[in-house]
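A.B. asks: The following file, input-v1.cif, comprises mmCIF, C-alpha atoms:
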data_protein
#
loop_
_atom_site.label_atom_id
_atom_site.label_comp_id
_atom_site.auth_asym_id
_atom_site.auth_seq_id
_atom_site.Cartn_x
_atom_site.Cartn_y
_atom_site.Cartn_z
CA MET A 131 -28.25 -2.53 -12.63
CA SER A 132 -24.48 -2.88 -13.06
CA GLN A 133 -24.01 0.69 -14.20
CA PHE A 134 -22.26 1.46 -10.93
CA LEU A 135 -19.68 -1.31 -11.47
CA LYS A 136 -19.11 -0.27 -15.09
CA ASN A 137 -18.57 3.37 -14.12
CA HIS A 138 -16.23 2.36 -11.33
CA ILE A 139 -14.00 0.29 -13.60
CA ARG A 140 -14.07 2.86 -16.39
CA GLN A 141 -12.54 5.43 -14.04
CA VAL A 142 -9.32 3.49 -14.62
CA THR A 143 -9.60 1.39 -17.80
CA ASP A 144 -11.27 1.80 -21.15
CA LEU A 145 -13.33 -1.37 -20.98
CA SER A 146 -15.65 -2.12 -23.93
CA ASP A 147 -19.30 -3.02 -23.26
CA GLU A 148 -18.54 -6.55 -24.44
CA GLU A 149 -15.61 -6.90 -22.05
CA PHE A 150 -17.73 -5.54 -19.25
CA GLU A 151 -20.37 -8.22 -19.85
CA THR A 152 -17.66 -10.79 -19.12
CA VAL A 153 -16.34 -8.84 -16.14
CA ARG A 154 -19.70 -8.56 -14.36
CA THR A 155 -20.18 -12.34 -14.31
CA PHE A 156 -17.25 -12.66 -11.88
CA PHE A 157 -18.83 -10.42 -9.25
CA THR A 158 -21.58 -11.25 -6.77
CA GLN A 159 -23.82 -8.55 -5.30
CA LYS A 160 -24.40 -8.81 -1.55
CA LYS A 161 -26.29 -6.83 1.10
CA PHE A 162 -25.32 -6.49 4.74
CA ARG A 163 -26.98 -4.89 7.76
CA LYS A 164 -25.38 -2.33 10.07
CA ARG A 165 -22.99 -4.10 12.52
CA GLN A 166 -22.95 -7.26 10.39
CA PHE A 167 -19.51 -8.78 9.76
CA LEU A 168 -18.22 -9.53 6.25
CA ILE A 169 -14.98 -10.92 7.67
CA GLN A 170 -14.25 -12.06 11.20
CA GLU A 171 -10.82 -12.51 12.76
CA ASN A 172 -9.01 -15.84 12.37
CA GLN A 173 -11.08 -17.04 9.44
CA PRO A 174 -10.15 -17.78 5.83
CA VAL A 175 -10.54 -14.67 3.63
CA HIS A 176 -12.47 -15.53 0.50
CA GLU A 177 -13.39 -12.18 -1.02
CA ILE A 178 -12.61 -8.52 -1.59
CA TYR A 179 -15.50 -6.04 -1.64
CA LEU A 180 -16.30 -2.97 -3.72
CA ILE A 181 -18.80 -0.74 -1.89
CA GLU A 182 -21.82 0.48 -3.85
CA LYS A 183 -23.76 1.84 -0.88
CA GLY A 184 -23.07 2.23 2.84
CA PHE A 185 -20.01 2.54 5.05
CA LEU A 186 -17.72 -0.18 6.39
CA LYS A 187 -14.56 -0.45 8.46
CA SER A 188 -11.69 -2.88 8.95
CA SER A 189 -10.15 -3.12 12.40
CA VAL A 190 -8.13 -5.17 14.81
CA ILE A 191 -8.64 -5.68 18.54
CA ASP A 192 -5.38 -5.56 20.52
CA ASP A 193 -4.51 -7.67 23.57
CA SER A 194 -6.02 -5.07 25.90
CA GLY A 195 -9.35 -5.20 24.05
CA LYS A 196 -8.91 -1.84 22.31
CA GLU A 197 -10.13 -1.53 18.71
CA HIS A 198 -7.75 0.03 16.15
CA ILE A 199 -9.35 1.02 12.86
CA LEU A 200 -7.21 0.42 9.81
CA GLN A 201 -9.62 1.58 7.13
CA PHE A 202 -13.01 3.06 6.42
CA ALA A 203 -14.73 2.29 3.12
CA ALA A 204 -17.31 4.49 1.41
CA PRO A 205 -19.01 3.97 -1.98
CA ASN A 206 -16.40 3.31 -4.72
CA TRP A 207 -13.84 2.03 -2.18
CA TRP A 208 -12.58 -1.53 -1.80
CA ILE A 209 -12.26 -3.30 1.53
CA SER A 210 -11.17 -6.71 2.82
CA ASP A 211 -8.47 -8.24 4.97
CA PHE A 212 -6.07 -7.78 2.05
CA ALA A 213 -3.20 -9.59 3.79
CA GLY A 214 -5.35 -12.64 4.37
CA PHE A 215 -6.82 -12.43 0.88
CA PHE A 216 -3.63 -11.98 -1.17
CA LYS A 217 -1.60 -14.44 0.90
CA GLN A 218 -4.61 -16.79 1.26
CA GLU A 219 -4.04 -16.95 5.00
CA ILE A 220 -6.49 -16.58 7.88
CA SER A 221 -7.62 -13.06 8.71
CA SER A 222 -6.08 -10.85 11.37
CA LEU A 223 -8.65 -8.10 10.74
CA ALA A 224 -12.40 -7.90 11.04
CA VAL A 225 -14.55 -6.09 8.45
CA ASP A 226 -18.03 -4.92 9.46
CA CYS A 227 -20.72 -2.44 8.48
CA ILE A 228 -21.09 1.02 10.03
CA GLU A 229 -24.33 1.38 8.04
CA ASP A 230 -26.52 -0.97 6.00
CA SER A 231 -24.37 -1.67 2.92
CA GLU A 232 -24.45 -3.10 -0.60
CA VAL A 233 -21.26 -4.46 -2.13
CA TYR A 234 -19.82 -6.26 -5.13
CA ALA A 235 -17.87 -9.29 -3.89
CA LEU A 236 -14.98 -10.84 -5.86
CA SER A 237 -13.46 -14.15 -4.79
CA TYR A 238 -9.75 -15.05 -5.04
CA THR A 239 -10.39 -17.57 -7.80
CA SER A 240 -12.57 -15.09 -9.68
CA LEU A 241 -9.90 -12.39 -9.43
CA THR A 242 -7.30 -14.71 -10.96
CA LEU A 243 -9.61 -15.91 -13.74
CA LEU A 244 -10.90 -12.41 -14.43
CA CYS A 245 -7.38 -11.04 -14.93
CA SER A 246 -6.60 -13.89 -17.34
CA GLU A 247 -9.79 -13.54 -19.36
CA VAL A 248 -9.87 -9.73 -19.47
CA PRO A 249 -6.24 -8.48 -19.40
CA LEU A 250 -7.40 -4.87 -18.98
CA MET A 251 -8.58 -5.88 -15.50
CA GLU A 252 -5.01 -6.77 -14.58
CA ARG A 253 -4.22 -3.17 -15.36
CA PHE A 254 -7.25 -1.97 -13.39
CA PHE A 255 -6.14 -3.80 -10.25
CA ARG A 256 -2.50 -2.72 -10.69
CA VAL A 257 -3.48 0.94 -10.88
CA LYS A 258 -5.94 0.65 -7.96
CA SER A 259 -3.28 -1.06 -5.88
CA ASN A 260 -0.66 1.56 -6.76
CA PHE A 261 -2.94 4.35 -5.58
CA GLY A 262 -3.93 2.41 -2.48
CA TYR A 263 -0.24 1.97 -1.70
CA VAL A 264 0.38 5.69 -2.04
CA ALA A 265 -2.56 6.52 0.25
CA LEU A 266 -1.20 4.17 2.92
CA GLN A 267 2.27 5.75 2.68
CA GLN A 268 0.70 9.12 3.31
CA ARG A 269 -1.17 7.75 6.31
CA ILE A 270 2.08 6.37 7.76
CA LEU A 271 3.79 9.72 7.35
CA SER A 272 0.82 11.38 8.98
CA LEU A 273 0.91 8.98 11.95
CA MET A 274 4.67 9.52 12.35
CA SER A 275 5.02 13.22 11.83
CA LYS A 276 1.75 15.01 12.56
CA SER A 277 -0.08 16.07 15.71
CA ALA A 278 -3.56 14.79 16.59
CA LYS A 279 -4.96 18.16 15.52
CA GLU A 280 -3.23 18.03 12.12
CA ARG A 281 -4.34 14.43 11.56
CA TYR A 282 -7.92 15.37 12.32
CA GLU A 283 -7.80 18.39 9.99
CA ASP A 284 -6.27 16.27 7.21
CA PHE A 285 -9.02 13.69 7.66
CA ILE A 286 -11.77 16.31 7.38
CA ARG A 287 -10.15 17.82 4.30
CA GLN A 288 -9.51 14.49 2.55
CA TYR A 289 -12.85 12.89 3.39
CA PRO A 290 -15.36 15.71 3.87
CA GLY A 291 -18.39 13.41 3.66
CA PHE A 292 -17.22 10.92 6.27
CA ILE A 293 -17.99 12.72 9.54
CA ASP A 294 -21.74 12.61 8.83
CA HIS A 295 -21.63 8.82 8.60
CA ILE A 296 -19.03 7.74 11.12
CA PRO A 297 -19.38 8.02 14.93
CA LYS A 298 -16.71 10.18 16.56
CA GLN A 299 -15.26 7.38 18.61
CA LEU A 300 -14.52 5.42 15.42
CA ILE A 301 -12.82 8.46 13.86
CA ALA A 302 -10.74 8.82 17.05
CA SER A 303 -9.69 5.17 16.78
CA TYR A 304 -8.78 5.59 13.10
CA LEU A 305 -6.69 8.67 13.85
CA GLY A 306 -4.97 7.02 16.80
CA VAL A 307 -6.13 9.69 19.27
CA SER A 308 -8.28 9.44 22.39
CA ARG A 309 -12.01 10.23 22.27
CA GLU A 310 -11.33 13.14 24.65
CA THR A 311 -8.65 14.64 22.41
CA LEU A 312 -10.98 14.40 19.42
CA SER A 313 -13.82 16.08 21.33
CA ARG A 314 -11.54 19.03 22.08
CA LEU A 315 -10.72 19.28 18.36
CA TYR A 316 -14.39 19.24 17.40
CA SER A 317 -15.36 22.08 19.73
CA MET B 209 24.68 -9.53 -16.14
CA SER B 210 20.89 -9.29 -15.98
CA GLN B 211 20.49 -12.57 -14.12
CA PHE B 212 19.55 -10.64 -11.01
CA LEU B 213 16.69 -8.86 -12.80
CA LYS B 214 15.48 -12.09 -14.40
CA ASN B 215 15.47 -13.92 -11.06
CA HIS B 216 13.67 -11.04 -9.39
CA ILE B 217 10.85 -11.00 -11.93
CA ARG B 218 10.56 -14.79 -12.01
CA GLN B 219 9.80 -14.80 -8.30
CA VAL B 220 6.36 -13.57 -9.39
CA THR B 221 5.80 -14.36 -13.08
CA ASP B 222 6.77 -17.17 -15.42
CA LEU B 223 8.52 -14.99 -17.96
CA SER B 224 10.12 -16.73 -20.96
CA ASP B 225 13.74 -15.94 -21.91
CA GLU B 226 12.43 -14.24 -25.03
CA GLU B 227 10.04 -12.04 -23.05
CA PHE B 228 12.81 -11.20 -20.63
CA GLU B 229 15.02 -9.96 -23.49
CA THR B 230 12.30 -7.41 -24.23
CA VAL B 231 11.80 -6.57 -20.56
CA ARG B 232 15.47 -5.81 -19.86
CA THR B 233 15.62 -3.15 -22.58
CA PHE B 234 13.23 -0.97 -20.56
CA PHE B 235 15.51 -0.83 -17.52
CA THR B 236 18.64 1.28 -17.00
CA GLN B 237 21.37 0.23 -14.57
CA LYS B 238 22.68 3.00 -12.33
CA LYS B 239 25.24 3.31 -9.53
CA PHE B 240 25.09 5.73 -6.62
CA ARG B 241 27.45 6.58 -3.78
CA LYS B 242 26.62 6.55 -0.09
CA ARG B 243 24.65 9.72 0.82
CA GLN B 244 23.88 10.45 -2.85
CA PHE B 245 20.26 11.37 -3.61
CA LEU B 246 18.21 9.54 -6.26
CA ILE B 247 15.22 11.80 -5.60
CA GLN B 248 15.13 15.16 -3.85
CA GLU B 249 12.08 16.86 -2.39
CA ASN B 250 9.94 19.09 -4.61
CA GLN B 251 11.25 17.71 -7.90
CA PRO B 252 9.52 15.75 -10.68
CA VAL B 253 9.72 11.98 -10.04
CA HIS B 254 10.88 10.21 -13.18
CA GLU B 255 11.76 6.70 -12.06
CA ILE B 256 11.19 3.79 -9.69
CA TYR B 257 14.22 1.76 -8.58
CA LEU B 258 14.84 -1.93 -7.99
CA ILE B 259 17.85 -2.43 -5.71
CA GLU B 260 20.50 -4.93 -6.82
CA LYS B 261 23.15 -3.96 -4.24
CA GLY B 262 23.26 -1.56 -1.30
CA PHE B 263 20.77 0.04 1.06
CA LEU B 264 18.57 3.10 0.53
CA LYS B 265 15.90 5.01 2.41
CA SER B 266 12.99 7.31 1.63
CA SER B 267 12.18 10.05 4.12
CA VAL B 268 10.52 13.37 4.74
CA ILE B 269 11.75 16.32 6.78
CA ASP B 270 9.00 17.91 8.91
CA ASP B 271 8.60 21.61 9.67
CA SER B 272 10.77 21.31 12.77
CA GLY B 273 13.63 19.80 10.73
CA LYS B 274 13.14 16.25 11.99
CA GLU B 275 13.61 13.38 9.52
CA HIS B 276 10.90 10.69 9.38
CA ILE B 277 11.87 7.53 7.51
CA LEU B 278 9.10 5.99 5.48
CA GLN B 279 10.98 3.08 3.96
CA PHE B 280 14.28 1.25 3.81
CA ALA B 281 15.20 -0.68 0.67
CA ALA B 282 17.57 -3.66 0.53
CA PRO B 283 18.46 -5.82 -2.51
CA ASN B 284 15.31 -7.07 -4.28
CA TRP B 285 13.22 -4.16 -2.92
CA TRP B 286 11.75 -1.29 -4.90
CA ILE B 287 11.96 2.33 -3.83
CA SER B 288 10.86 5.74 -5.12
CA ASP B 289 8.55 8.57 -4.18
CA PHE B 290 5.65 6.40 -5.33
CA ALA B 291 3.05 9.13 -4.83
CA GLY B 292 5.01 11.51 -7.04
CA PHE B 293 5.72 8.77 -9.57
CA PHE B 294 2.25 7.28 -9.97
CA LYS B 295 0.49 10.65 -9.89
CA GLN B 296 3.26 12.31 -11.92
CA GLU B 297 3.49 15.11 -9.37
CA ILE B 298 6.48 16.65 -7.67
CA SER B 299 8.07 14.67 -4.86
CA SER B 300 7.32 15.11 -1.17
CA LEU B 301 9.93 12.51 -0.20
CA ALA B 302 13.68 12.27 -0.64
CA VAL B 303 15.39 8.98 -1.56
CA ASP B 304 19.09 8.57 -0.79
CA CYS B 305 21.73 5.91 -0.27
CA ILE B 306 22.72 4.53 3.15
CA GLU B 307 25.50 2.60 1.35
CA ASP B 308 27.01 2.62 -2.14
CA SER B 309 24.21 1.13 -4.25
CA GLU B 310 23.43 -0.34 -7.68
CA VAL B 311 19.89 -0.19 -9.00
CA TYR B 312 17.70 -0.91 -12.01
CA ALA B 313 15.78 2.25 -12.89
CA LEU B 314 12.43 2.21 -14.72
CA SER B 315 10.86 5.43 -16.01
CA TYR B 316 7.13 6.19 -16.04
CA THR B 317 6.96 5.97 -19.83
CA SER B 318 8.91 2.71 -19.80
CA LEU B 319 6.60 1.21 -17.18
CA THR B 320 3.54 1.99 -19.30
CA LEU B 321 5.11 0.68 -22.53
CA LEU B 322 6.54 -2.38 -20.80
CA CYS B 323 3.12 -3.39 -19.43
CA SER B 324 1.62 -3.02 -22.92
CA GLU B 325 4.34 -4.97 -24.70
CA VAL B 326 4.71 -7.74 -22.12
CA PRO B 327 1.33 -8.26 -20.44
CA LEU B 328 2.85 -10.59 -17.84
CA MET B 329 4.63 -7.54 -16.44
CA GLU B 330 1.26 -5.96 -15.71
CA ARG B 331 0.64 -8.97 -13.52
CA PHE B 332 4.12 -8.69 -11.98
CA PHE B 333 3.52 -5.10 -10.91
CA ARG B 334 0.00 -5.84 -9.67
CA VAL B 335 1.21 -8.65 -7.44
CA LYS B 336 4.18 -6.59 -6.17
CA SER B 337 1.87 -3.69 -5.42
CA ASN B 338 -0.64 -5.93 -3.62
CA PHE B 339 2.06 -7.28 -1.33
CA GLY B 340 3.50 -3.80 -0.80
CA TYR B 341 0.03 -2.61 0.19
CA VAL B 342 -0.31 -5.42 2.70
CA ALA B 343 3.10 -4.66 4.24
CA LEU B 344 2.11 -1.01 4.68
CA GLN B 345 -1.17 -1.98 6.34
CA GLN B 346 0.78 -4.06 8.82
CA ARG B 347 3.12 -1.14 9.50
CA ILE B 348 0.13 1.15 10.19
CA LEU B 349 -1.35 -1.37 12.63
CA SER B 350 2.05 -1.65 14.29
CA LEU B 351 2.37 2.14 14.64
CA MET B 352 -1.16 2.36 16.05
CA SER B 353 -1.29 -0.59 18.39
CA LYS B 354 2.22 -1.60 19.45
CA SER B 355 4.73 -0.28 21.97
CA ALA B 356 8.19 0.94 20.94
CA LYS B 357 9.65 -2.30 22.31
CA GLU B 358 7.25 -4.46 20.28
CA ARG B 359 7.89 -2.42 17.11
CA TYR B 360 11.62 -2.85 17.55
CA GLU B 361 11.31 -6.60 18.13
CA ASP B 362 9.04 -6.93 15.07
CA PHE B 363 11.60 -5.03 12.98
CA ILE B 364 14.46 -7.31 14.08
CA ARG B 365 12.39 -10.41 13.38
CA GLN B 366 11.11 -9.24 9.99
CA TYR B 367 14.40 -7.81 8.73
CA PRO B 368 17.19 -9.66 10.53
CA GLY B 369 19.89 -8.47 8.13
CA PHE B 370 19.07 -4.76 8.39
CA ILE B 371 20.66 -3.81 11.71
CA ASP B 372 24.16 -4.53 10.37
CA HIS B 373 23.64 -2.02 7.55
CA ILE B 374 21.54 0.74 9.04
CA PRO B 375 22.69 3.20 11.74
CA LYS B 376 20.63 3.04 14.94
CA GLN B 377 19.38 6.59 14.66
CA LEU B 378 17.82 5.78 11.27
CA ILE B 379 16.11 2.69 12.71
CA ALA B 380 14.78 4.87 15.55
CA SER B 381 13.39 7.33 13.01
CA TYR B 382 11.78 4.51 11.01
CA LEU B 383 10.16 3.06 14.13
CA GLY B 384 8.95 6.44 15.32
CA VAL B 385 10.83 6.22 18.63
CA SER B 386 13.54 8.41 20.12
CA ARG B 387 17.21 7.45 19.82
CA GLU B 388 17.31 7.14 23.62
CA THR B 389 14.37 4.72 23.72
CA LEU B 390 15.99 2.59 21.03
CA SER B 391 19.31 2.50 22.93
CA ARG B 392 17.51 1.14 25.99
CA LEU B 393 15.95 -1.58 23.82
CA TYR B 394 19.34 -2.55 22.39
CA SER B 395 21.01 -3.00 25.77
#
Produce structure tokens that represent the structure in this file.

C.D. replies:
Amino acid sequence: MSQFLKNHIRQVTDLSDEEFETVRTFFTQKKFRKRQFLIQENQPVHEIYLIEKGFLKSSVIDDSGKEHILQFAAPNWWISDFAGFFKQEISSLAVDCIEDSEVYALSYTSLTLLCSEVPLMERFFRVKSNFGYVALQQRILSLMSKSAKERYEDFIRQYPGFIDHIPKQLIASYLGVSRETLSRLYS
Amino acid sequence: MSQFLKNHIRQVTDLSDEEFETVRTFFTQKKFRKRQFLIQENQPVHEIYLIEKGFLKSSVIDDSGKEHILQFAAPNWWISDFAGFFKQEISSLAVDCIEDSEVYALSYTSLTLLCSEVPLMERFFRVKSNFGYVALQQRILSLMSKSAKERYEDFIRQYPGFIDHIPKQLIASYLGVSRETLSRLYS
């Protein structure tokens, strides 16, 4: 039943079966329904989530009530309010499900203990974080230097499976373009 | 002479003096002049850099010849083309000096060996990367949801020492606003 988790970690680190048996005890499997919130704004952030099934998003609502989507998460992606989690502060983001979803949850305490008990997991999270950092840099450059059309084309190319799962208005919000602009790009 | 490096690492990890003596051997100290390039576009990326003195920037030139600044780096910050470095691909960014600068350079091979020999450094780089990731998420939200005026005010508040070191046109490029808009905000 934890084959998914084992495969996910082994994409980065050469964990033995024995080490994995320790690792899995730190995770909790959870199921959420479409539209259900894993994290709400202005709450303590207890966990980060690895997606096994489903689609989720993290977003913020600005003062005018507009939703800005920071991240989508598909199977094999991690999601949380990472600022709230790593700084152990209250959340500024909300995380909710675009579809019914199944996740592996890891608490802050478990993350710390896990990295002490299985040092290879320290490496796993360093490498994952490095690549996450790089992906965010590329998104910033895209937001700064590319047109709506280019951003949309990049999105389709990078994440070909996403448009079947994610409503267009959410993709528009993620790309920072209006729903109308996106509709023109689709046609 | 390596007190700076020791202090920097001890902000995150409780490294012993003995461990630090190993750590320092992996770093190379380098000096660069104002306007000198540490990394040029379309080249292999060999090193990441911790700034001891000076100011640097990473940027990309778009097809129309416009420079977009991804990052500034002040003392105690790290800079590189992280995508090129972590993926061991050629660079898409350039990194150059806004002022004469002194840095600690760490090569890809040294990073890997260092994390093996001193496991606490794996933790150091994980924690640094986690906080870097969080800072980038906040920059994305700022680019998506805030006005030029708000972005400028956030920048001044977050990095009060920067405006004395960085020409206004570079700050405008970093914030994704025109030089004219920024001048109105200054006055």

A.B. asks: Residues picked by the PyMOL selection byres ((chain B and resi 361) around 12) here, as a ChimeraX atom specification?

C.D. replies: /B:350,354-360,362-368,371,379,383,390,393-394

A.B. asks: I need the residues from that last selection saved to file as a PDB file, keeping the file's coordinate frame (with C-alpha atoms), if you can.

C.D. replies:
ATOM      1  CA  SER B 350       2.050  -1.650  14.290  1.00  0.00           C
ATOM      2  CA  LYS B 354       2.220  -1.600  19.450  1.00  0.00           C
ATOM      3  CA  SER B 355       4.730  -0.280  21.970  1.00  0.00           C
ATOM      4  CA  ALA B 356       8.190   0.940  20.940  1.00  0.00           C
ATOM      5  CA  LYS B 357       9.650  -2.300  22.310  1.00  0.00           C
ATOM      6  CA  GLU B 358       7.250  -4.460  20.280  1.00  0.00           C
ATOM      7  CA  ARG B 359       7.890  -2.420  17.110  1.00  0.00           C
ATOM      8  CA  TYR B 360      11.620  -2.850  17.550  1.00  0.00           C
ATOM      9  CA  ASP B 362       9.040  -6.930  15.070  1.00  0.00           C
ATOM     10  CA  PHE B 363      11.600  -5.030  12.980  1.00  0.00           C
ATOM     11  CA  ILE B 364      14.460  -7.310  14.080  1.00  0.00           C
ATOM     12  CA  ARG B 365      12.390 -10.410  13.380  1.00  0.00           C
ATOM     13  CA  GLN B 366      11.110  -9.240   9.990  1.00  0.00           C
ATOM     14  CA  TYR B 367      14.400  -7.810   8.730  1.00  0.00           C
ATOM     15  CA  PRO B 368      17.190  -9.660  10.530  1.00  0.00           C
ATOM     16  CA  ILE B 371      20.660  -3.810  11.710  1.00  0.00           C
ATOM     17  CA  ILE B 379      16.110   2.690  12.710  1.00  0.00           C
ATOM     18  CA  LEU B 383      10.160   3.060  14.130  1.00  0.00           C
ATOM     19  CA  LEU B 390      15.990   2.590  21.030  1.00  0.00           C
ATOM     20  CA  LEU B 393      15.950  -1.580  23.820  1.00  0.00           C
ATOM     21  CA  TYR B 394      19.340  -2.550  22.390  1.00  0.00           C
TER      22      TYR B 394
END

A.B. asks: Can you list what the PyMOL selection byres ((chain A) within 7 of (chain B)) grabs from this structure, as a ChimeraX atom specification?

C.D. replies: /A:192,198,200,212-213,252-253,255-256,259-260,262-264,266,270-271,274-275,306

A.B. asks: Hey, can I get the axis-aligned box for region 282-295 of chain A? All listed atoms, 6 Å padding on each side, centre and edge lengths in Å to one decimal, as lines of an AutoDock Vina configuration file.

C.D. replies:
center_x = -14.0
center_y = 13.6
center_z = 7.4
size_x = 27.5
size_y = 21.6
size_z = 21.8

A.B. asks: I need the residue nearest Trp208 (chain A) from this list: A:Leu135, A:Thr155, A:Glu171, A:Ser146. Use all atoms listed in the file for the distance.

C.D. replies: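 With all atoms listed in the file as the atom set, the closest residue is A:Leu135.
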
A.B. asks: Could you tell me, as a list of chain:residue names, exactly which residues end up selected when the PyMOL selection byres ((chain B and resi 241-244) around 12) is applied to this structure?

C.D. replies: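 Answer for the PyMOL selection byres ((chain B and resi 241-244) around 12): B:Lys238, B:Lys239, B:Phe240, B:Phe245, B:Leu246, B:Ile247, B:Gln248, B:Lys261, B:Gly262, B:Phe263, B:Leu264, B:Lys265, B:Ser266, B:Ala302, B:Val303, B:Asp304, B:Cys305, B:Ile306, B:Glu307, B:Asp308, B:Ser309, B:Glu310, B:Val311, B:His373, B:Ile374.
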
A.B. asks: How far is it from CA of Ile209 (chain A) to CA of Gln299 (chain A), in Å with one decimal?

C.D. replies: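 About the pair CA of Ile209 (chain A) and CA of Gln299 (chain A): they are 20.4 Å apart.
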
A.B. asks: Using all atoms listed in the file, find the one residue out of B:Leu258, B:Leu322, B:Val253, B:Ala380 that sits nearest to His216 (chain B).

C.D. replies: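 Of B:Leu258, B:Leu322, B:Val253, B:Ala380, the one nearest His216 (chain B), counting all atoms listed in the file, is B:Leu258.
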
A.B. asks: Using all atoms listed in the file, which of B:Glu260, B:Glu388, B:Glu297, B:Glu325 sits nearest Pro283 (chain B)?

C.D. replies: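 Smallest separation from Pro283 (chain B) among the options: B:Glu260.
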
A.B. asks: So the first atom is CA of Trp207 (chain A) and the second is CA of Ile181 (chain A); what is the distance between them in Å, to one decimal place?

C.D. replies: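 Separation between CA of Trp207 (chain A) and CA of Ile181 (chain A): 5.7 Å.
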
A.B. asks: Which distance in Å separates CA of Glu149 (chain A) and CA of Ile178 (chain A), to one decimal?

C.D. replies: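 These two atoms are separated by 20.7 Å.
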